[in-house]
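Next up, run.pdb (PDB, C-alpha atoms and all ligand atoms):
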ATOM      1  CA  MET A   1       3.306  -2.700 -21.886  1.00  0.00           C
ATOM      2  CA  SER A   2       5.607   0.233 -22.338  1.00  0.00           C
ATOM      3  CA  SER A   3       9.336  -0.294 -22.196  1.00  0.00           C
ATOM      4  CA  THR A   4      11.222   1.063 -19.242  1.00  0.00           C
ATOM      5  CA  THR A   5      14.385   3.081 -19.098  1.00  0.00           C
ATOM      6  CA  GLN A   6      16.937   3.149 -16.341  1.00  0.00           C
ATOM      7  CA  PHE A   7      18.577   6.406 -15.575  1.00  0.00           C
ATOM      8  CA  PRO A   8      21.346   7.116 -13.096  1.00  0.00           C
ATOM      9  CA  MET A   9      20.747   9.357 -10.120  1.00  0.00           C
ATOM     10  CA  SER A  10      22.728  10.600  -7.190  1.00  0.00           C
ATOM     11  CA  ALA A  11      22.254   8.126  -4.345  1.00  0.00           C
ATOM     12  CA  LYS A  12      19.904   9.267  -1.624  1.00  0.00           C
ATOM     13  CA  PRO A  13      18.833   7.084   1.291  1.00  0.00           C
ATOM     14  CA  CYS A  14      15.274   5.850   1.548  1.00  0.00           C
ATOM     15  CA  PRO A  15      13.706   7.633   4.546  1.00  0.00           C
ATOM     16  CA  SER A  16      11.947   4.415   5.438  1.00  0.00           C
ATOM     17  CA  CYS A  17      14.805   1.883   5.410  1.00  0.00           C
ATOM     18  CA  GLY A  18      17.995   3.834   4.776  1.00  0.00           C
ATOM     19  CA  GLY A  19      18.781   1.829   1.637  1.00  0.00           C
ATOM     20  CA  GLU A  20      20.389   3.779  -1.166  1.00  0.00           C
ATOM     21  CA  SER A  21      19.644   3.272  -4.820  1.00  0.00           C
ATOM     22  CA  ASP A  22      21.538   5.144  -7.474  1.00  0.00           C
ATOM     23  CA  CYS A  23      19.223   4.533 -10.377  1.00  0.00           C
ATOM     24  CA  ALA A  24      15.508   4.493 -11.052  1.00  0.00           C
ATOM     25  CA  THR A  25      13.405   2.797 -13.679  1.00  0.00           C
ATOM     26  CA  GLY A  26      10.761   4.823 -15.410  1.00  0.00           C
ATOM     27  CA  PRO A  27       8.389   4.381 -18.324  1.00  0.00           C
ATOM     28  CA  ASP A  28       9.649   5.257 -21.811  1.00  0.00           C
ATOM     29  CA  GLY A  29      12.613   7.403 -20.974  1.00  0.00           C
ATOM     30  CA  ALA A  30      10.717   9.574 -18.534  1.00  0.00           C
ATOM     31  CA  THR A  31      12.894  11.323 -16.013  1.00  0.00           C
ATOM     32  CA  PRO A  32      11.491  11.895 -12.545  1.00  0.00           C
ATOM     33  CA  GLU A  33       9.922  15.210 -11.710  1.00  0.00           C
ATOM     34  CA  ASP A  34       9.242  16.675  -8.327  1.00  0.00           C
ATOM     35  CA  GLY A  35       6.403  14.771  -6.672  1.00  0.00           C
ATOM     36  CA  ASP A  36       6.630  11.741  -8.967  1.00  0.00           C
ATOM     37  CA  ILE A  37       6.146   8.479  -7.160  1.00  0.00           C
ATOM     38  CA  SER A  38       8.534   5.568  -6.831  1.00  0.00           C
ATOM     39  CA  LEU A  39       8.763   2.409  -4.820  1.00  0.00           C
ATOM     40  CA  CYS A  40      11.837   1.582  -2.749  1.00  0.00           C
ATOM     41  CA  MET A  41      13.266  -1.632  -4.215  1.00  0.00           C
ATOM     42  CA  TYR A  42      14.521  -2.649  -0.791  1.00  0.00           C
ATOM     43  CA  CYS A  43      11.672  -2.022   1.621  1.00  0.00           C
ATOM     44  CA  GLY A  44       8.748  -1.424  -0.738  1.00  0.00           C
ATOM     45  CA  ALA A  45       7.999   2.048   0.677  1.00  0.00           C
ATOM     46  CA  VAL A  46       5.999   4.281  -1.649  1.00  0.00           C
ATOM     47  CA  ARG A  47       7.859   7.566  -1.964  1.00  0.00           C
ATOM     48  CA  ALA A  48       7.679  10.846  -3.805  1.00  0.00           C
ATOM     49  CA  PHE A  49      10.773  12.291  -5.457  1.00  0.00           C
ATOM     50  CA  MET A  50      11.866  15.635  -4.080  1.00  0.00           C
ATOM     51  CA  MET A  51      13.621  17.248  -7.040  1.00  0.00           C
ATOM     52  CA  ASN A  52      15.308  20.527  -7.696  1.00  0.00           C
ATOM     53  CA  GLY A  53      15.266  20.580 -11.483  1.00  0.00           C
ATOM     54  CA  HIS A  54      17.165  17.408 -12.406  1.00  0.00           C
ATOM     55  CA  GLU A  55      18.832  17.086  -9.051  1.00  0.00           C
ATOM     56  CA  LEU A  56      17.425  14.560  -6.605  1.00  0.00           C
ATOM     57  CA  LEU A  57      17.219  16.064  -3.142  1.00  0.00           C
ATOM     58  CA  GLY A  58      15.689  13.039  -1.486  1.00  0.00           C
ATOM     59  CA  TYR A  59      12.435  11.165  -0.963  1.00  0.00           C
ATOM     60  CA  ARG A  60       9.320  11.647   1.076  1.00  0.00           C
ATOM     61  CA  VAL A  61       7.404   8.530   2.132  1.00  0.00           C
ATOM     62  CA  LEU A  62       3.694   8.635   1.359  1.00  0.00           C
ATOM     63  CA  THR A  63       1.198   7.614   4.018  1.00  0.00           C
ATOM     64  CA  GLU A  64      -1.477   5.013   3.230  1.00  0.00           C
ATOM     65  CA  ASP A  65      -4.041   7.813   3.347  1.00  0.00           C
ATOM     66  CA  GLU A  66      -2.102   9.787   0.742  1.00  0.00           C
ATOM     67  CA  ILE A  67      -1.833   6.703  -1.464  1.00  0.00           C
ATOM     68  CA  ALA A  68      -5.574   6.143  -1.133  1.00  0.00           C
ATOM     69  CA  THR A  69      -6.274   9.643  -2.452  1.00  0.00           C
ATOM     70  CA  LEU A  70      -3.964   9.411  -5.482  1.00  0.00           C
ATOM     71  CA  PRO A  71      -5.596   9.534  -8.927  1.00  0.00           C
ATOM     72  CA  ALA A  72      -6.850   6.122 -10.039  1.00  0.00           C
ATOM     73  CA  ASP A  73      -4.071   5.479 -12.589  1.00  0.00           C
ATOM     74  CA  ALA A  74      -1.376   6.344 -10.043  1.00  0.00           C
ATOM     75  CA  ARG A  75      -3.004   4.096  -7.461  1.00  0.00           C
ATOM     76  CA  LEU A  76      -3.066   1.269  -9.996  1.00  0.00           C
ATOM     77  CA  SER A  77       0.640   1.814 -10.716  1.00  0.00           C
ATOM     78  CA  VAL A  78       1.393   1.695  -7.001  1.00  0.00           C
ATOM     79  CA  MET A  79      -0.586  -1.555  -6.687  1.00  0.00           C
ATOM     80  CA  ARG A  80       1.305  -3.116  -9.595  1.00  0.00           C
ATOM     81  CA  ALA A  81       4.649  -1.951  -8.267  1.00  0.00           C
ATOM     82  CA  ARG A  82       3.830  -3.333  -4.818  1.00  0.00           C
ATOM     83  CA  SER A  83       2.837  -6.659  -6.261  1.00  0.00           C
ATOM     84  CA  ALA A  84       6.053  -6.780  -8.325  1.00  0.00           C
ATOM     85  CA  TYR A  85       8.038  -5.873  -5.219  1.00  0.00           C
ATOM     86  CA  ALA A  86       6.324  -8.636  -3.230  1.00  0.00           C
ATOM     87  CA  THR A  87       7.216 -11.201  -5.892  1.00  0.00           C
ATOM     88  CA  PHE A  88      10.785  -9.928  -6.072  1.00  0.00           C
ATOM     89  CA  ALA A  89      11.201  -9.913  -2.300  1.00  0.00           C
ATOM     90  CA  THR A  90       9.675 -13.370  -1.895  1.00  0.00           C
ATOM     91  CA  ARG A  91      12.030 -14.793  -4.533  1.00  0.00           C
ATOM     92  CA  ALA A  92      15.026 -13.204  -2.852  1.00  0.00           C
ATOM     93  CA  LEU A  93      13.904 -14.738   0.423  1.00  0.00           C
ATOM     94  CA  GLU A  94      13.548 -18.202  -1.132  1.00  0.00           C
ATOM     95  CA  GLU A  95      16.994 -17.888  -2.624  1.00  0.00           C
ATOM     96  CA  TYR A  96      18.830 -16.643   0.448  1.00  0.00           C
ATOM     97  CA  GLU A  97      16.817 -17.602   3.504  1.00  0.00           C
ATOM     98  CA  ASN A  98      18.285 -21.029   4.152  1.00  0.00           C
ATOM     99  CA  ASP A  99      21.665 -20.430   2.630  1.00  0.00           C
ATOM    100  CA  PRO A 100      22.681 -16.801   3.004  1.00  0.00           C
ATOM    101  CA  PRO A 101      25.931 -15.893   1.294  1.00  0.00           C
ATOM    102  CA  GLU A 102      28.781 -14.637   3.474  1.00  0.00           C
ATOM    103  CA  SER A 103      28.561 -11.056   2.390  1.00  0.00           C
ATOM    104  CA  LEU A 104      25.189  -9.583   1.588  1.00  0.00           C
ATOM    105  CA  SER A 105      25.014  -5.975   0.547  1.00  0.00           C
ATOM    106  CA  GLN A 106      23.179  -3.614   2.871  1.00  0.00           C
ATOM    107  CA  GLY A 107      20.382  -3.342   0.320  1.00  0.00           C
ATOM    108  CA  VAL A 108      19.841  -7.100   0.092  1.00  0.00           C
ATOM    109  CA  ARG A 109      19.869  -7.408   3.871  1.00  0.00           C
ATOM    110  CA  ILE A 110      17.147  -4.764   4.103  1.00  0.00           C
ATOM    111  CA  LEU A 111      15.226  -6.520   1.353  1.00  0.00           C
ATOM    112  CA  LEU A 112      15.344  -9.882   3.158  1.00  0.00           C
ATOM    113  CA  GLU A 113      14.278  -8.308   6.426  1.00  0.00           C
ATOM    114  CA  HIS A 114      11.213  -6.869   4.741  1.00  0.00           C
ATOM    115  CA  ALA A 115      10.582  -9.995   2.710  1.00  0.00           C
ATOM    116  CA  ARG A 116      10.296 -12.011   5.930  1.00  0.00           C
ATOM    117  CA  LYS A 117       7.558  -9.666   7.105  1.00  0.00           C
ATOM    118  CA  ILE A 118       5.503 -10.023   3.952  1.00  0.00           C
ATOM    119  CA  ALA A 119       6.294 -13.652   3.170  1.00  0.00           C
ATOM    120  CA  PRO A 120       3.232 -15.750   2.424  1.00  0.00           C
ATOM    121  CA  PRO A 121       1.782 -17.243   5.570  1.00  0.00           C
ATOM    122  CA  SER A 122       2.696 -20.727   6.620  1.00  0.00           C
ATOM    123  CA  PHE A 123       0.312 -22.786   8.642  1.00  0.00           C
ATOM    124  CA  THR A 124       1.198 -23.924  12.123  1.00  0.00           C
ATOM    125  CA  GLY A 125      -1.324 -26.630  12.530  1.00  0.00           C
ATOM    126  CA  LYS A 126      -4.160 -28.354  10.843  1.00  0.00           C
ATOM    127  CA  ARG A 127      -7.033 -26.403   9.490  1.00  0.00           C
ATOM    128  CA  GLU A 128      -9.454 -26.083  12.330  1.00  0.00           C
ATOM    129  CA  GLU A 129     -13.035 -26.840  11.572  1.00  0.00           C
ATOM    130  CA  GLN A 130     -14.397 -26.963  15.079  1.00  0.00           C
ATOM    131  CA  VAL A 131     -13.379 -23.543  16.287  1.00  0.00           C
ATOM    132  CA  SER A 132     -16.281 -21.318  17.167  1.00  0.00           C
ATOM    133  CA  LEU A 133     -15.953 -17.660  16.324  1.00  0.00           C
ATOM    134  CA  THR A 134     -18.632 -16.661  18.798  1.00  0.00           C
ATOM    135  CA  ASP A 135     -17.236 -14.083  21.256  1.00  0.00           C
ATOM    136  CA  LYS A 136     -14.076 -13.625  19.205  1.00  0.00           C
ATOM    137  CA  VAL A 137     -13.117 -10.067  18.256  1.00  0.00           C
ATOM    138  CA  PHE A 138     -11.993  -8.343  15.068  1.00  0.00           C
ATOM    139  CA  ALA A 139     -10.862  -4.870  14.037  1.00  0.00           C
ATOM    140  CA  TRP A 140     -13.152  -2.449  12.285  1.00  0.00           C
ATOM    141  CA  ARG A 141     -12.235   0.580  10.208  1.00  0.00           C
ATOM    142  CA  ASP A 142     -14.111   2.763   7.750  1.00  0.00           C
ATOM    143  CA  LEU A 143     -17.371   0.782   7.765  1.00  0.00           C
ATOM    144  CA  SER A 144     -15.809  -2.650   7.275  1.00  0.00           C
ATOM    145  CA  PRO A 145     -13.632  -5.240   8.999  1.00  0.00           C
ATOM    146  CA  VAL A 146      -9.903  -4.675   8.592  1.00  0.00           C
ATOM    147  CA  LEU A 147      -8.638  -7.130   5.983  1.00  0.00           C
ATOM    148  CA  LEU A 148      -5.043  -8.127   5.339  1.00  0.00           C
ATOM    149  CA  ARG A 149      -3.461  -8.963   2.040  1.00  0.00           C
ATOM    150  CA  MET A 150      -0.636 -11.455   1.756  1.00  0.00           C
ATOM    151  CA  PRO A 151       1.700 -11.450  -1.220  1.00  0.00           C
ATOM    152  CA  GLY A 152       1.368 -14.328  -3.602  1.00  0.00           C
ATOM    153  CA  SER A 153      -2.258 -14.783  -2.668  1.00  0.00           C
ATOM    154  CA  HIS A 154      -5.385 -13.264  -4.145  1.00  0.00           C
ATOM    155  CA  LEU A 155      -7.196 -13.782  -0.865  1.00  0.00           C
ATOM    156  CA  PHE A 156      -8.012 -11.211   1.742  1.00  0.00           C
ATOM    157  CA  TYR A 157      -7.575 -12.365   5.303  1.00  0.00           C
ATOM    158  CA  LEU A 158      -9.901 -11.283   8.058  1.00  0.00           C
ATOM    159  CA  PRO A 159      -8.015 -11.723  11.311  1.00  0.00           C
ATOM    160  CA  CYS A 160     -10.075 -12.604  14.385  1.00  0.00           C
ATOM    161  CA  PHE A 161      -8.732 -12.860  17.895  1.00  0.00           C
ATOM    162  CA  SER A 162      -9.595 -14.641  21.114  1.00  0.00           C
ATOM    163  CA  SER A 163      -8.869 -11.478  23.068  1.00  0.00           C
ATOM    164  CA  ALA A 164      -8.801  -7.727  22.496  1.00  0.00           C
ATOM    165  CA  GLU A 165      -5.253  -7.673  23.899  1.00  0.00           C
ATOM    166  CA  GLY A 166      -4.142 -10.150  21.249  1.00  0.00           C
ATOM    167  CA  LEU A 167      -5.751  -8.018  18.572  1.00  0.00           C
ATOM    168  CA  ARG A 168      -4.112  -4.818  19.768  1.00  0.00           C
ATOM    169  CA  GLY A 169      -0.743  -6.514  20.033  1.00  0.00           C
ATOM    170  CA  PHE A 170      -0.899  -7.909  16.504  1.00  0.00           C
ATOM    171  CA  PHE A 171      -2.107  -4.720  14.843  1.00  0.00           C
ATOM    172  CA  GLY A 172       0.495  -2.754  16.770  1.00  0.00           C
ATOM    173  CA  GLN A 173       3.190  -5.090  15.475  1.00  0.00           C
ATOM    174  CA  ILE A 174       2.163  -4.832  11.851  1.00  0.00           C
ATOM    175  CA  GLY A 175       1.544  -1.098  12.176  1.00  0.00           C
ATOM    176  CA  ILE A 176      -2.021  -1.048  10.916  1.00  0.00           C
ATOM    177  CA  GLY A 177      -4.606   1.162  12.569  1.00  0.00           C
ATOM    178  CA  PHE A 178      -8.297   0.544  13.206  1.00  0.00           C
ATOM    179  CA  ASP A 179     -11.250   2.452  14.612  1.00  0.00           C
ATOM    180  CA  VAL A 180     -12.907   0.029  17.015  1.00  0.00           C
ATOM    181  CA  ILE A 181     -12.824  -3.591  18.139  1.00  0.00           C
ATOM    182  CA  LYS A 182     -16.012  -5.528  17.412  1.00  0.00           C
ATOM    183  CA  LYS A 183     -17.203  -8.704  19.038  1.00  0.00           C
ATOM    184  CA  ILE A 184     -18.742 -11.549  17.084  1.00  0.00           C
ATOM    185  CA  GLU A 185     -22.134 -12.306  18.590  1.00  0.00           C
ATOM    186  CA  ASP A 186     -22.775 -15.431  16.548  1.00  0.00           C
ATOM    187  CA  GLY A 187     -19.930 -17.216  14.821  1.00  0.00           C
ATOM    188  CA  MET A 188     -22.097 -19.129  12.375  1.00  0.00           C
ATOM    189  CA  GLU A 189     -23.959 -16.014  11.339  1.00  0.00           C
ATOM    190  CA  PHE A 190     -20.677 -14.164  10.987  1.00  0.00           C
ATOM    191  CA  MET A 191     -19.232 -16.807   8.659  1.00  0.00           C
ATOM    192  CA  SER A 192     -22.363 -16.974   6.556  1.00  0.00           C
ATOM    193  CA  SER A 193     -22.368 -13.181   6.199  1.00  0.00           C
ATOM    194  CA  LEU A 194     -18.985 -13.585   4.519  1.00  0.00           C
ATOM    195  CA  ASP A 195     -20.322 -15.958   1.873  1.00  0.00           C
ATOM    196  CA  VAL A 196     -20.836 -12.959  -0.371  1.00  0.00           C
ATOM    197  CA  HIS A 197     -17.086 -12.285  -0.205  1.00  0.00           C
ATOM    198  CA  PRO A 198     -15.513 -15.411  -1.680  1.00  0.00           C
ATOM    199  CA  HIS A 199     -12.007 -13.974  -1.493  1.00  0.00           C
ATOM    200  CA  VAL A 200     -12.113 -13.391   2.241  1.00  0.00           C
ATOM    201  CA  THR A 201     -10.560 -16.037   4.447  1.00  0.00           C
ATOM    202  CA  VAL A 202     -11.068 -15.848   8.186  1.00  0.00           C
ATOM    203  CA  ILE A 203      -8.035 -16.537  10.327  1.00  0.00           C
ATOM    204  CA  LEU A 204      -7.849 -16.832  14.086  1.00  0.00           C
ATOM    205  CA  ASP A 205      -5.196 -15.479  16.435  1.00  0.00           C
ATOM    206  CA  PRO A 206      -2.502 -14.604  13.915  1.00  0.00           C
ATOM    207  CA  ARG A 207       0.858 -13.928  15.477  1.00  0.00           C
ATOM    208  CA  ILE A 208       4.264 -12.995  14.154  1.00  0.00           C
ATOM    209  CA  THR A 209       7.042 -15.433  14.898  1.00  0.00           C
ATOM    210  CA  GLU A 210      10.587 -14.430  15.742  1.00  0.00           C
ATOM    211  CA  GLU A 211      11.525 -15.081  12.129  1.00  0.00           C
ATOM    212  CA  GLY A 212       8.878 -12.590  11.070  1.00  0.00           C
ATOM    213  CA  ARG A 213       6.447 -15.147   9.659  1.00  0.00           C
ATOM    214  CA  VAL A 214       2.741 -14.814  10.225  1.00  0.00           C
ATOM    215  CA  ARG A 215       1.194 -17.890  11.860  1.00  0.00           C
ATOM    216  CA  PHE A 216      -2.502 -18.442  12.337  1.00  0.00           C
ATOM    217  CA  ILE A 217      -5.376 -20.887  12.386  1.00  0.00           C
ATOM    218  CA  GLN A 218      -7.419 -20.825   9.215  1.00  0.00           C
ATOM    219  CA  ILE A 219     -11.147 -21.087   9.756  1.00  0.00           C
ATOM    220  CA  GLN A 220     -12.899 -23.335   7.295  1.00  0.00           C
ATOM    221  CA  PRO A 221     -16.280 -22.031   6.312  1.00  0.00           C
ATOM    222  CA  THR A 222     -18.811 -24.487   7.668  1.00  0.00           C
ATOM    223  CA  VAL A 223     -21.765 -25.280   5.507  1.00  0.00           C
ATOM    224  CA  VAL A 224     -24.649 -23.377   6.973  1.00  0.00           C
ATOM    225  CA  SER A 225     -28.035 -24.736   6.137  1.00  0.00           C
TER     226      SER A 225
HETATM  227 ZN    ZN A 301      13.304   1.729   1.567  1.00  0.00          ZN
END
Any chance you could give the structure as structure tokens?
Ligand SMILES: [Zn+2]
Amino acid sequence: MSSTTQFPMSAKPCPSCGGESDCATGPDGATPEDGDISLCMYCGAVRAFMMNGHELLGYRVLTEDEIATLPADARLSVMRARSAYATFATRALEEYENDPPESLSQGVRILLEHARKIAPPSFTGKREEQVSLTDKVFAWRDLSPVLLRMPGSHLFYLPCFSSAEGLRGFFGQIGIGFDVIKKIEDGMEFMSSLDVHPHVTVILDPRITEEGRVRFIQIQPTVVS
């Protein structure tokens, strides 16, 4: 791994969260150039530097579509940075959640707010084995079901819902778009079609609690003969 260098910058607020950072970390003494990409250390937004020579004018937040069309090495860097951010944010949450210090800086407060949203899921109840997925619905986008990633887990989660309203509400809350809502005709068949994707876990009726945690019922794959 290459070493990193910190260099001071004029503080500019993140357009996504308003947090200000007055330094950036780059590989091997590199200084940012216009259009270079960075991750907000508070909210995890992926942003491009807007530079005038060496002067930082501000940031522009990249959309998921823009990130998806970045060159492969840049996309990999974004993935690594996001994963590092998730670890960092989760640790901060563990440290402060139950025992917040009197005075938290604005940046740390923003960080904790975002950390709660991406915190690894906690289970509400027992793992359900008897739930049928028949007639449940899921979101579909770009030729596949919409999958969610949770930090600290290598699994992809496929959220299913008892109702289309529940689905729309959840996706609206997490700000993820989809093309259509599909209905599961046969739950058993649906689960067995996922056998080829060992890292996909099906969850039912996820919801976001007031504390920003994601709660859901995890569907155990039933052995299909
Ligand atoms: Zn931010």
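Using all atoms listed in the file, residues with at least one atom at most 10 Å away from any atom of ligand ZN 301 (chain A) are Pro13, Cys14, Pro15, Ser16, Cys17, Gly18, Gly19, Glu20, Ser21, Leu39, Cys40, Met41, Tyr42, Cys43, Gly44, Ala45, Val46, Arg47, Tyr59, Val61, Gly107, Ile110, Leu111 and His114 of chain A.
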Expressed in Å, the length from CA of Val78 (chain A) to CA of Asp65 (chain A) is 13.2 Å
Determine, counting only C-alpha atoms, which protein, DNA and RNA residues have an atom within 9 Å of an atom of Gly177 (chain A); residues of the same chain fewer than 5 positions away are not included. Present the result as a VMD selection string. chain A and resid 139 141 146 171 to 172
Hey, what's within 12 Å of region 154-167 of chain A if we count only C-alpha atoms and toss same-chain stuff fewer than 4 positions away? As a ChimeraX atom specification, please? /A:83,120-121,131-140,144-150,171-178,180-184,187,190-191,194,197-208,214-219
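Closest approach to Gly53 (chain A) among A:Thr31, A:Ser77, A:Thr90, A:Ser105 is made by A:Thr31 (distances from all atoms listed in the file).
Between CA of Ala11 (chain A) and CA of Leu56 (chain A) the separation is 8.4 Å.
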Judged by only C-alpha atoms, the minimum distance to Ala86 (chain A) among A:His54, A:Lys117, A:Arg109, A:Lys12 is found for A:Lys117
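Atom pair CA of Ala84 (chain A) / CA of Glu55 (chain A): separated by 27.1 Å.
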